[in-house]
Number of protein chains: 2
Amino acid sequence: MSEILEMLEAIRRLLHAEDVLLLCHKNPDGDTIGSAAALYHALKKLGKTVAVLCSDPIPARYAYMGFEQFTGQFTPGYVVAIDVASIQLFGDALDPYSSRVNLCIDHHGSNSGYADAMYLDGSAAATAEMIYEMLGEMQVGITPQIADCLYTGLATDTGCFLYSNTTARSHRIAAALMEAGAHVEDLNASLFESKTRERMAIERTALENLEYHFDGRCALMFLTREEIAASGVNMADLEDLTGLPRKIEGVQVGITLRQLPGASYKISVRTVKGVDACSIARRLGGGGHGRAAGCELEGNLENAKAAILAEVEKELRRLDEASAEGEAQ
Amino acid sequence: MSEILEMLEAIRRLLHAEDVLLLCHKNPDGDTIGSAAALYHALKKLGKTVAVLCSDPIPARYAYMGFEQFTGQFTPGYVVAIDVASIQLFGDALDPYSSRVNLCIDHHGSNSGYADAMYLDGSAAATAEMIYEMLGEMQVGITPQIADCLYTGLATDTGCFLYSNTTARSHRIAAALMEAGAHVEDLNASLFESKTRERMAIERTALENLEYHFDGRCALMFLTREEIAASGVNMADLEDLTGLPRKIEGVQVGITLRQLPGASYKISVRTVKGVDACSIARRLGGGGHGRAAGCELEGNLENAKAAILAEVEKELRRLDEASAEGEAQ
């Protein structure tokens, strides 16, 4: 089915639905929460009973979205998963619904197709783009609060219009949301201009543990279990740090090693365009995407560093050979 | 004159101009260079002789803009200043033109009005927005290269659509530039995702020298002359660092102290909405804007810290009193 037909079918089903339960994925981000919150407010405006359920607590910084969480206050008659690519992302609280999702609205091309009906648009930078367009079709006016919710989803999934998933469509929707009254200045300040003290502390340690290898083509950062614990940093902040080494000028491969509670090392590989992160991680039993991949290695820091650097070196050498061949032709 | 009339008049003059010299401001940024480059390519397409002049070297990272610099290859018949708010921003190479600028195109509301004719739009987030709209009126097609130049100006002046000057118009123009073929993924990577090794080094030192005061409401960072020299960091990177302390959760006033070559301390004050940076700096002989101000203090680090912290404390106390009064009413 084409995307536009999928959208119209999703709208038809939503308009007939009663007692709607909206599901967010675990470790919720701005897009799953913002998209669910926007649809919540739209369905409320249409007079429906609706609530949102997530297996993990909704972070306090999203409190402005003002939706009601599901605590058993009604018997769900129609279940909609929002921005949830697979059942693995449900978590405990959503488990009872894993085989009875009526509709899934999602922008992840990898969606596993667990729902009865699906509106999937892999070209959308965020599920929030899809919800924005749905509300337009449904002729539900975009209130300033709905605009705040959708802007949150769009801006967080695109890194404030920085990531490569950003399209002209993303910018056009951002413009429309600003005109609908989204409080973009305040949202940007809280979403992108705010770092916890714990994050500052772990960033300091990470920079102290920063090394360059292979003439600066690889930057490597490591964090021990003790350092992570001492900083008090949360998982999201820690995850975010893995983007740092790759951003350094001249670096083609950025590596972050984080010691897990069980003492093994979780290794994140981030690369620039043209360097295959996945092939580096795969040879150590990991996997991922072309420019972001990872693996886990047992043993001490020196062994883990040696193992990953050996694979980085192979990849860089392959790259040099390919470029030498290209020049020779 | 209204902005639209100013624009049409500017276009009329440009269409009649021959041997056009485009001036950029000193310490050139993405907007002055990108806007001048876009107009350069447009005037070239119209068959005119044109070149760009700047008192400082054009940073190598803007090489893709592909315009010709002025080296005396023709006698300027018409001189246009782009994104230059005052003659103080001319620098040595532009000095001969300071009293003979025919036209100024600028978005700085503070523009001193030094040119014969002016197209000023203080509501534009970047001069690039104005040039984009001019080229539309002139019916000069936006080539992918022109789109790259304009996107650079727009994205750098808005901090990639993060700063509070970003409007719906900014997003709409970004969408149009993407559709015109701007290489946004590569541009974003080079403009925003790249940090020098020197920047990483000074950031590490700055984080090591980070202190919290007044229950975490003020964060203060300092860098000595020796630390700055040891890192090898450039002025722009150093300037950029001053935004860091204010971004920490709970911080209302962020202070950065940088020791100057003459041993005095340059102090940057950055505040959150509702806290007056200028009034803090002004009492120490400095000045600035509501949320970004600065001053310079003689003496050693301890004295400079004590002096600025005393003023921060006064401002925070005033804030508490004002909010207590507000609650009492």
# chains A, B, ... in the order shown; residues from 1 in each chain; ligands from 1
>>> closest_atom_pairs(of="chain B", to="chain A", cutoff="6 Å", atoms="only C-alpha atoms", output="CSV")
residue,atom,partner,partner_atom,distance
B:Ser164,CA,A:Glu185,CA,5.2
B:Ala168,CA,A:Ala175,CA,4.0
B:His171,CA,A:His171,CA,4.9
B:Arg172,CA,A:Arg172,CA,5.5
B:Ala175,CA,A:Ala168,CA,4.0
B:Met178,CA,A:Ala168,CA,5.8
B:Glu185,CA,A:Ser164,CA,5.2
B:Glu193,CA,A:Lys247,CA,5.3
B:Ser194,CA,A:Lys247,CA,4.8
B:Lys195,CA,A:Ile248,CA,4.7
B:Thr196,CA,A:Glu249,CA,5.0
B:Arg204,CA,A:Leu207,CA,5.6
B:Leu207,CA,A:Arg204,CA,5.6
B:Lys247,CA,A:Ser194,CA,4.8
B:Ile248,CA,A:Lys195,CA,4.7
B:Glu249,CA,A:Thr196,CA,5.0
>>> select_by_dssp(residues="segment 97-216 of chain A", states="helix (DSSP H, G or I)", output="ChimeraX atom specification")
/A:97,127-137,144-157,168-179,184-192,197-208
>>> closest_residue(among="A:Ala126, A:Leu316, A:Leu223, A:Cys278", to="Leu301 of chain A", atoms="only C-alpha atoms")
A:Leu223
>>> residues_around(residues="Glu239 of chain B", least_positions_apart="6", cutoff="10 Å", atoms="only C-alpha atoms", output="ChimeraX atom specification")
/B:256,258,268
>>> residues_around(residues="segment 75-86 of chain B", least_positions_apart="6", cutoff="7 Å", atoms="only C-alpha atoms", output="list in words")
Ala17, Glu18, Asp19, Val20, Leu21, Leu22, Leu23, Cys24, His25, Thr32, Ser35, Ala36, Val101, Asn102, Leu103, Cys104, Ile105, Asp106, His107, His108, Ser110, Asn111, Ser112, Tyr114 and Thr127 of chain B
>>> atom_distance(atom1="atom CA of Ser323 of chain B", atom2="atom CA of Tyr62 of chain A")
24.7 Å
>>> select_by_dssp(residues="segment 58-243 of chain A", states="strand (DSSP E)", output="list in words")
Tyr78, Val79, Val80, Ala81, Ile82, Leu103, Cys104, Ile105, Asp106, Ala117, Met118, Tyr119, Leu120, Leu210, Glu211, Tyr212, His213, Cys218, Ala219, Leu220, Met221, Phe222 and Leu223 of chain A
>>> atom_distance(atom1="atom CA of Ala10 of chain A", atom2="atom CA of Ile87 of chain A")
19.8 Å
>>> residues_around(residues="Asp31 of chain B", least_positions_apart="3", cutoff="7 Å", atoms="only C-alpha atoms", output="ChimeraX atom specification")
/B:34-35,126-128,152-154,156-157
>>> atom_distance(atom1="atom CA of Ala180 of chain A", atom2="atom CA of Met65 of chain A")
15.4 Å
>>> closest_residue(among="A:Arg13, A:Ala304, A:Ala38, A:Leu297", to="Asp148 of chain A", atoms="only C-alpha atoms")
A:Ala38
>>> closest_residue(among="B:Gly136, B:Pro28, B:Gly141, B:Pro57", to="His41 of chain B", atoms="only C-alpha atoms")
B:Gly141
>>> closest_residue(among="A:Asn27, A:Ser99, A:Ser55, A:Ser2", to="Tyr119 of chain A", atoms="only C-alpha atoms")
A:Ser2
